[in-house]
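Only one structure is covered here, and it is reproduced in the block below.
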Amino acid sequence: MTNYLEVKNLSKSFDSFQLHNISFTLPKGYIMGLIGPNGSGKTTTIKLILNMLGRNGGEIKIMGLDNIADEQKAKAELGVVFDTNYFSDDWQVTQVEKSISVFYPNWKSERFAEMLRKFHIAPTKKVKELSKGMQMKLMLACAFSYDAKLLILDEPTSGLDPVSRDELLQILSEYIEDGEHSVLFSTHITGDLERAADYITYISYGELFFSGSKDEFVDLFRIVKGGTEELSADLKEKAVGVRTFPTGFEALVKTEDTVAFSSLSIEPATIDEIVVFTSKKGDDYE
Amino acid sequence: MKLIISNVSGVPIYEQIKQQVKAAILSGELKEDEALPSLRTLAKDLKISVLTVTRAYTELEQEGFVKNVQGRGCFVMDRGSELMREQLICKVENGLTDAIKAARIANLPSEELHRLLDILLEANTDD
Amino acid sequence: MSNTLKVTKLDFSLVKPYIKVIGFTMLLPIAFAAINRSILTGVSFAMCFIAMTTGYTFSVTEKNSMERLYGILPIKKSEMVTGRYLFVLALGAIALVVSLITQPIVLRAMGERVGAFDMISAAIGGLFLFALYTVFQIPGYYKYGAIKGRVFMYIPVAGFLATLFFLPKMPADNPIVTTVVSSPVLLIGLVLVLVVVMYAVSIWFSIRIMENKEM
């Protein structure tokens, strides 16, 4: 299996924040969600992959190419979507193509036109006249026009309405359908990922919490629920995180630890619940 | 074949796919050697993870319902296979048990029950 | 097309919305030429003004957070920088040509005589001033950005005022100055070498700044 993205022991230090030993691998043909609360290091990781920040340690390979030594070759295969567009507001859509296409030898003008039609983007509109969802689609249209093999999206769904979010997921699943394309997708709105992502990489406070298949990730934990008096010391001890309220409690417990509490209500955990409970634990440490 | 994924059932998505494929095979909707929907297309259509569908298909293969032909897709195993036969017999037994229970409640003598079965068998030989 | 040229082309598309302002900037100095009845003054003003407009590329980039676009394009940082310098030089060259065509027409219509020597010295003077203004300005923008670096936009103005102030005070009888001025070929050669050296140093600085910059 070919890997489209390999990140090994990636580290970066800022004055007030550190990214430690982040490692993950995204194989060809799959979608990976990069998750974690705000400020956990998702955008830093993406900027390090793009060599927009200089790393302090580690190694990054994009389609087998070193992201620094072979930066230009790697970037020619890479499509990137940020939470806001990176074109000039005053450009018309046609001007976007004129300005960007020259940099990509594989650029197909017919493909760009086809994408504009598919996404209902009027070529004569100025970038600033497009809605946020449309601007995102314009960035995608560009990436598809040179057949970018790896798509990296940084918080693409923040500020999008549910319809646009759904459309994005549709576009991404179509993109990887042929098995020749991969997607790395950072988000704190994990509901988006719940279904479409194949892999999850969860970064919490600059540390790697988990990287692997989504099903495996969701299967790691269960939500145990019960009345206040049922919250035993043993359960408190074993729980990764507990939320109590006047009529009861909810706790995130490792799946292997749930055997002891089979009398209580045990439910599968959502990605959101795992992130919420595990980051609260992180707070306690600080 | 109809495949519907529920988000609220609490049943994992791969399990839902497995159950529905099995049901389609048992009901005869999916015939011997018929191809299952392409893994990646199904993932796209249902907007679910490719790995989830892979897991469902792999488990179906391990359980002997389908065979995976490299590069061509997944195909339904022939209905005569031991496993499928067992499952079908089990289904027959369950159905008959239900019928017997109902007959008891209705005080239907066993000869009458046999006769009913014969009539139904006769009526169904046409198709 | 080389990557540098592609970046230059991208820069032209960045300043496209300002095309009217830039056109006006190129033509306004005709008035200065007419008032002073001197093509040297007119061209000097033109080059000073146009040097100010080269900051538009930086402000448009910054306003739209386009450093992210530069961050994903498959080009080297050095190519981004040389492309920007090429754009600046191209803009300067256009302004110089426009001034050298329009200003003599207006001056001649006013009855002034504009000879070949006047034209050459205006061209050389204009080129030198433009280089002087931009070689400090561009690394300043790279280092401090278009907003904080706005002060660098006024380097041309300060430079121009300084030139106006010091030029008459230059000792005209200095033997070196006399030799150089009396030999146009030597003067042109000297200015060209100086301009090339200035840009080489400025580009080197800008590339260093860009390569150490985190976006």
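Each chain of the structure tokens is named A, B, ... in the order shown, its residues numbered from 1; ligands are numbered from 1 in display order.
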
Looking only at helix (DSSP H, G or I) from DSSP on the backbone, list the matching residues of chain B as a PDB file with C-alpha atoms, in the first residue's frame.
```pdb
ATOM      1  CA  ILE B  13     -22.521   0.915  10.251  1.00  0.00           C
ATOM      2  CA  TYR B  14     -20.443  -2.072   9.041  1.00  0.00           C
ATOM      3  CA  GLU B  15     -22.843  -4.372  10.926  1.00  0.00           C
ATOM      4  CA  GLN B  16     -25.831  -2.706   9.286  1.00  0.00           C
ATOM      5  CA  ILE B  17     -24.308  -3.261   5.844  1.00  0.00           C
ATOM      6  CA  LYS B  18     -23.550  -6.913   6.656  1.00  0.00           C
ATOM      7  CA  GLN B  19     -27.075  -7.576   7.895  1.00  0.00           C
ATOM      8  CA  GLN B  20     -28.668  -5.990   4.864  1.00  0.00           C
ATOM      9  CA  VAL B  21     -26.401  -7.792   2.373  1.00  0.00           C
ATOM     10  CA  LYS B  22     -27.074 -11.102   4.133  1.00  0.00           C
ATOM     11  CA  ALA B  23     -30.806 -10.425   4.085  1.00  0.00           C
ATOM     12  CA  ALA B  24     -30.617  -9.655   0.362  1.00  0.00           C
ATOM     13  CA  ILE B  25     -28.696 -12.896  -0.284  1.00  0.00           C
ATOM     14  CA  LEU B  26     -31.112 -14.963   1.772  1.00  0.00           C
ATOM     15  CA  LEU B  39     -16.680  -0.834  -2.331  1.00  0.00           C
ATOM     16  CA  ARG B  40     -15.651   2.751  -3.077  1.00  0.00           C
ATOM     17  CA  THR B  41     -18.844   3.607  -4.911  1.00  0.00           C
ATOM     18  CA  LEU B  42     -20.923   2.335  -2.022  1.00  0.00           C
ATOM     19  CA  ALA B  43     -18.842   4.399   0.416  1.00  0.00           C
ATOM     20  CA  LYS B  44     -19.364   7.468  -1.749  1.00  0.00           C
ATOM     21  CA  ASP B  45     -23.093   6.895  -2.187  1.00  0.00           C
ATOM     22  CA  LEU B  46     -23.728   6.331   1.508  1.00  0.00           C
ATOM     23  CA  VAL B  50     -14.239   3.272   2.715  1.00  0.00           C
ATOM     24  CA  LEU B  51     -12.740   1.324   5.598  1.00  0.00           C
ATOM     25  CA  THR B  52     -16.198   0.736   7.086  1.00  0.00           C
ATOM     26  CA  VAL B  53     -17.415  -0.846   3.843  1.00  0.00           C
ATOM     27  CA  THR B  54     -14.138  -2.794   3.567  1.00  0.00           C
ATOM     28  CA  ARG B  55     -14.727  -4.216   7.028  1.00  0.00           C
ATOM     29  CA  ALA B  56     -18.304  -5.214   6.195  1.00  0.00           C
ATOM     30  CA  TYR B  57     -17.212  -6.932   2.972  1.00  0.00           C
ATOM     31  CA  THR B  58     -14.227  -8.640   4.591  1.00  0.00           C
ATOM     32  CA  GLU B  59     -16.380 -10.059   7.348  1.00  0.00           C
ATOM     33  CA  LEU B  60     -18.992 -11.206   4.827  1.00  0.00           C
ATOM     34  CA  GLU B  61     -16.170 -12.975   2.984  1.00  0.00           C
ATOM     35  CA  GLN B  62     -14.854 -14.560   6.182  1.00  0.00           C
ATOM     36  CA  GLU B  82     -23.067 -25.362   3.044  1.00  0.00           C
ATOM     37  CA  LEU B  83     -23.383 -22.185   5.007  1.00  0.00           C
ATOM     38  CA  MET B  84     -26.111 -20.655   2.996  1.00  0.00           C
ATOM     39  CA  ARG B  85     -28.012 -23.961   3.072  1.00  0.00           C
ATOM     40  CA  GLU B  86     -27.756 -24.121   6.817  1.00  0.00           C
ATOM     41  CA  GLN B  87     -29.012 -20.612   7.142  1.00  0.00           C
ATOM     42  CA  LEU B  88     -31.879 -21.367   4.795  1.00  0.00           C
ATOM     43  CA  ILE B  89     -32.793 -24.557   6.639  1.00  0.00           C
ATOM     44  CA  CYS B  90     -32.719 -22.599   9.846  1.00  0.00           C
ATOM     45  CA  LYS B  91     -35.064 -20.101   8.297  1.00  0.00           C
ATOM     46  CA  VAL B  92     -37.406 -22.907   7.222  1.00  0.00           C
ATOM     47  CA  GLU B  93     -37.350 -24.411  10.691  1.00  0.00           C
ATOM     48  CA  ASN B  94     -38.155 -21.072  12.262  1.00  0.00           C
ATOM     49  CA  GLY B  95     -41.007 -20.512   9.870  1.00  0.00           C
ATOM     50  CA  LEU B  96     -42.407 -23.979  10.486  1.00  0.00           C
ATOM     51  CA  THR B  97     -42.056 -23.597  14.221  1.00  0.00           C
ATOM     52  CA  ASP B  98     -44.041 -20.394  14.009  1.00  0.00           C
ATOM     53  CA  ALA B  99     -46.659 -22.170  11.920  1.00  0.00           C
ATOM     54  CA  ILE B 100     -46.876 -25.049  14.419  1.00  0.00           C
ATOM     55  CA  LYS B 101     -47.257 -22.617  17.295  1.00  0.00           C
ATOM     56  CA  ALA B 102     -50.014 -20.777  15.495  1.00  0.00           C
ATOM     57  CA  ALA B 103     -51.692 -24.084  14.615  1.00  0.00           C
ATOM     58  CA  ARG B 104     -51.663 -25.164  18.260  1.00  0.00           C
ATOM     59  CA  ILE B 105     -53.263 -21.937  19.334  1.00  0.00           C
ATOM     60  CA  SER B 110     -51.561 -32.020  12.571  1.00  0.00           C
ATOM     61  CA  GLU B 111     -53.144 -33.762   9.523  1.00  0.00           C
ATOM     62  CA  GLU B 112     -54.784 -30.456   8.671  1.00  0.00           C
ATOM     63  CA  LEU B 113     -51.414 -28.726   9.015  1.00  0.00           C
ATOM     64  CA  HIS B 114     -49.775 -31.248   6.657  1.00  0.00           C
ATOM     65  CA  ARG B 115     -52.572 -30.723   4.155  1.00  0.00           C
ATOM     66  CA  LEU B 116     -52.134 -26.972   4.285  1.00  0.00           C
ATOM     67  CA  LEU B 117     -48.428 -27.350   3.630  1.00  0.00           C
ATOM     68  CA  ASP B 118     -49.111 -29.600   0.637  1.00  0.00           C
ATOM     69  CA  ILE B 119     -51.574 -27.100  -0.815  1.00  0.00           C
ATOM     70  CA  LEU B 120     -49.109 -24.241  -0.390  1.00  0.00           C
ATOM     71  CA  LEU B 121     -46.313 -26.287  -1.922  1.00  0.00           C
ATOM     72  CA  GLU B 122     -48.559 -27.098  -4.889  1.00  0.00           C
ATOM     73  CA  ALA B 123     -49.501 -23.459  -5.339  1.00  0.00           C
ATOM     74  CA  ASN B 124     -45.852 -22.363  -5.245  1.00  0.00           C
TER      75      ASN B 124
END
```

Quick check: residues of chain A within 8 Å of chain C, only C-alpha atoms, returned as a ChimeraX atom specification. /A:50-54,71-76,78-80,86-90,95,99-100,102-104

Output N, CA and C atoms for every residue in the selection just made, as a PDB file, in the first residue's frame.
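Generated file (again21.pdb):
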```pdb
ATOM      1  N   LEU A  50       3.249  21.863   4.838  1.00  0.00           N
ATOM      2  CA  LEU A  50       3.396  22.745   3.680  1.00  0.00           C
ATOM      3  C   LEU A  50       4.714  23.517   3.701  1.00  0.00           C
ATOM      4  N   ASN A  51       5.539  23.261   4.733  1.00  0.00           N
ATOM      5  CA  ASN A  51       6.798  23.992   4.909  1.00  0.00           C
ATOM      6  C   ASN A  51       6.572  25.504   4.981  1.00  0.00           C
ATOM      7  N   MET A  52       5.419  25.900   5.485  1.00  0.00           N
ATOM      8  CA  MET A  52       5.176  27.320   5.726  1.00  0.00           C
ATOM      9  C   MET A  52       5.729  27.692   7.102  1.00  0.00           C
ATOM     10  N   LEU A  53       5.964  26.686   7.917  1.00  0.00           N
ATOM     11  CA  LEU A  53       6.677  26.848   9.186  1.00  0.00           C
ATOM     12  C   LEU A  53       7.884  25.921   9.117  1.00  0.00           C
ATOM     13  N   GLY A  54       8.959  26.306   9.765  1.00  0.00           N
ATOM     14  CA  GLY A  54      10.139  25.447   9.793  1.00  0.00           C
ATOM     15  C   GLY A  54      10.053  24.502  10.974  1.00  0.00           C
ATOM     16  N   GLU A  71      10.385  20.116  -2.234  1.00  0.00           N
ATOM     17  CA  GLU A  71       9.188  20.918  -1.948  1.00  0.00           C
ATOM     18  C   GLU A  71       8.344  21.217  -3.197  1.00  0.00           C
ATOM     19  N   GLN A  72       8.994  21.663  -4.276  1.00  0.00           N
ATOM     20  CA  GLN A  72       8.223  22.082  -5.446  1.00  0.00           C
ATOM     21  C   GLN A  72       7.520  20.903  -6.107  1.00  0.00           C
ATOM     22  N   LYS A  73       8.254  19.785  -6.229  1.00  0.00           N
ATOM     23  CA  LYS A  73       7.662  18.592  -6.839  1.00  0.00           C
ATOM     24  C   LYS A  73       6.464  18.124  -6.021  1.00  0.00           C
ATOM     25  N   ALA A  74       6.654  18.136  -4.692  1.00  0.00           N
ATOM     26  CA  ALA A  74       5.580  17.669  -3.814  1.00  0.00           C
ATOM     27  C   ALA A  74       4.365  18.592  -3.928  1.00  0.00           C
ATOM     28  N   LYS A  75       4.621  19.898  -3.943  1.00  0.00           N
ATOM     29  CA  LYS A  75       3.496  20.842  -3.961  1.00  0.00           C
ATOM     30  C   LYS A  75       2.723  20.811  -5.272  1.00  0.00           C
ATOM     31  N   ALA A  76       3.378  20.371  -6.345  1.00  0.00           N
ATOM     32  CA  ALA A  76       2.670  20.273  -7.621  1.00  0.00           C
ATOM     33  C   ALA A  76       1.589  19.190  -7.557  1.00  0.00           C
ATOM     34  N   LEU A  78      -0.177  18.641  -4.756  1.00  0.00           N
ATOM     35  CA  LEU A  78      -0.911  18.936  -3.546  1.00  0.00           C
ATOM     36  C   LEU A  78      -1.982  19.993  -3.796  1.00  0.00           C
ATOM     37  N   GLY A  79      -3.186  19.741  -3.302  1.00  0.00           N
ATOM     38  CA  GLY A  79      -4.222  20.769  -3.331  1.00  0.00           C
ATOM     39  C   GLY A  79      -4.506  21.190  -1.900  1.00  0.00           C
ATOM     40  N   VAL A  80      -4.688  22.476  -1.664  1.00  0.00           N
ATOM     41  CA  VAL A  80      -4.884  22.931  -0.294  1.00  0.00           C
ATOM     42  C   VAL A  80      -6.113  23.841  -0.212  1.00  0.00           C
ATOM     43  N   TYR A  86      -7.562  32.164  -0.480  1.00  0.00           N
ATOM     44  CA  TYR A  86      -6.247  32.822  -0.537  1.00  0.00           C
ATOM     45  C   TYR A  86      -6.045  33.510  -1.880  1.00  0.00           C
ATOM     46  N   PHE A  87      -7.149  33.902  -2.517  1.00  0.00           N
ATOM     47  CA  PHE A  87      -7.022  34.636  -3.767  1.00  0.00           C
ATOM     48  C   PHE A  87      -7.224  36.116  -3.472  1.00  0.00           C
ATOM     49  N   SER A  88      -6.949  36.953  -4.478  1.00  0.00           N
ATOM     50  CA  SER A  88      -7.231  38.365  -4.315  1.00  0.00           C
ATOM     51  C   SER A  88      -8.737  38.563  -4.444  1.00  0.00           C
ATOM     52  N   ASP A  89      -9.305  39.306  -3.487  1.00  0.00           N
ATOM     53  CA  ASP A  89     -10.747  39.552  -3.465  1.00  0.00           C
ATOM     54  C   ASP A  89     -11.264  40.160  -4.761  1.00  0.00           C
ATOM     55  N   ASP A  90     -10.407  40.945  -5.413  1.00  0.00           N
ATOM     56  CA  ASP A  90     -10.849  41.680  -6.591  1.00  0.00           C
ATOM     57  C   ASP A  90     -10.753  40.865  -7.875  1.00  0.00           C
ATOM     58  N   GLN A  95      -9.946  35.290 -13.694  1.00  0.00           N
ATOM     59  CA  GLN A  95      -8.607  35.790 -13.370  1.00  0.00           C
ATOM     60  C   GLN A  95      -7.894  34.829 -12.422  1.00  0.00           C
ATOM     61  N   SER A  99      -4.230  33.413 -13.193  1.00  0.00           N
ATOM     62  CA  SER A  99      -3.095  33.658 -12.302  1.00  0.00           C
ATOM     63  C   SER A  99      -2.489  32.372 -11.776  1.00  0.00           C
ATOM     64  N   ILE A 100      -3.326  31.379 -11.496  1.00  0.00           N
ATOM     65  CA  ILE A 100      -2.855  30.179 -10.806  1.00  0.00           C
ATOM     66  C   ILE A 100      -2.408  29.089 -11.777  1.00  0.00           C
ATOM     67  N   VAL A 102      -0.816  28.839 -14.516  1.00  0.00           N
ATOM     68  CA  VAL A 102       0.545  28.783 -15.081  1.00  0.00           C
ATOM     69  C   VAL A 102       1.526  28.026 -14.190  1.00  0.00           C
ATOM     70  N   PHE A 103       1.218  27.942 -12.901  1.00  0.00           N
ATOM     71  CA  PHE A 103       2.152  27.296 -11.984  1.00  0.00           C
ATOM     72  C   PHE A 103       2.049  25.772 -12.014  1.00  0.00           C
ATOM     73  N   TYR A 104       0.970  25.262 -12.618  1.00  0.00           N
ATOM     74  CA  TYR A 104       0.750  23.816 -12.599  1.00  0.00           C
ATOM     75  C   TYR A 104       0.783  23.247 -14.012  1.00  0.00           C
TER      76      TYR A 104
END
```

For chain A against chain B, with a cut-off of 8 Å and counting only C-alpha atoms, what is the closest atom pair and its distance in Å to one decimal for every residue that makes the cut, ordered by chain and number, as JSON lines?
```
{"residue": "A:Tyr30", "atom": "CA", "partner": "B:Val50", "partner_atom": "CA", "distance": 7.1}
{"residue": "A:Ile31", "atom": "CA", "partner": "B:Ser49", "partner_atom": "CA", "distance": 7.8}
{"residue": "A:Leu169", "atom": "CA", "partner": "B:Lys47", "partner_atom": "CA", "distance": 7.2}
{"residue": "A:Gln170", "atom": "CA", "partner": "B:Lys47", "partner_atom": "CA", "distance": 6.6}
{"residue": "A:Ser173", "atom": "CA", "partner": "B:Lys44", "partner_atom": "CA", "distance": 4.9}
{"residue": "A:Glu174", "atom": "CA", "partner": "B:Lys44", "partner_atom": "CA", "distance": 5.9}
{"residue": "A:Ile176", "atom": "CA", "partner": "B:Arg40", "partner_atom": "CA", "distance": 8.0}
{"residue": "A:Glu177", "atom": "CA", "partner": "B:Arg40", "partner_atom": "CA", "distance": 5.1}
{"residue": "A:Asp178", "atom": "CA", "partner": "B:Arg40", "partner_atom": "CA", "distance": 7.2}
{"residue": "A:Gly179", "atom": "CA", "partner": "B:Arg40", "partner_atom": "CA", "distance": 7.5}
{"residue": "A:Arg195", "atom": "CA", "partner": "B:Ile48", "partner_atom": "CA", "distance": 4.6}
{"residue": "A:Ala196", "atom": "CA", "partner": "B:Ile48", "partner_atom": "CA", "distance": 4.4}
{"residue": "A:Ala197", "atom": "CA", "partner": "B:Ser49", "partner_atom": "CA", "distance": 5.3}
{"residue": "A:Asp198", "atom": "CA", "partner": "B:Ser49", "partner_atom": "CA", "distance": 4.9}
{"residue": "A:Ser213", "atom": "CA", "partner": "B:Leu51", "partner_atom": "CA", "distance": 7.7}
{"residue": "A:Asp215", "atom": "CA", "partner": "B:Thr52", "partner_atom": "CA", "distance": 7.4}
{"residue": "A:Pro268", "atom": "CA", "partner": "B:Gly10", "partner_atom": "CA", "distance": 7.4}
```

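Of note, CA of Ala35 in chain B and CA of Thr125 in chain B are spaced 28.1 Å apart.
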
Taking the chain letters and numbering used in this document, name the residues of range 26-180 of chain A that DSSP puts in strand (DSSP E or B), as a list of chain:residue names. A:Leu26, A:Pro27, A:Ile31, A:Met32, A:Gly33, A:Leu34, A:Ile35, A:Gly57, A:Gly58, A:Glu59, A:Ile60, A:Lys61, A:Ile62, A:Leu65, A:Asp66, A:Leu78, A:Gly79, A:Val80, A:Val81, A:Gln92, A:Lys126, A:Leu150, A:Leu151, A:Ile152, A:Leu153, A:Asp154
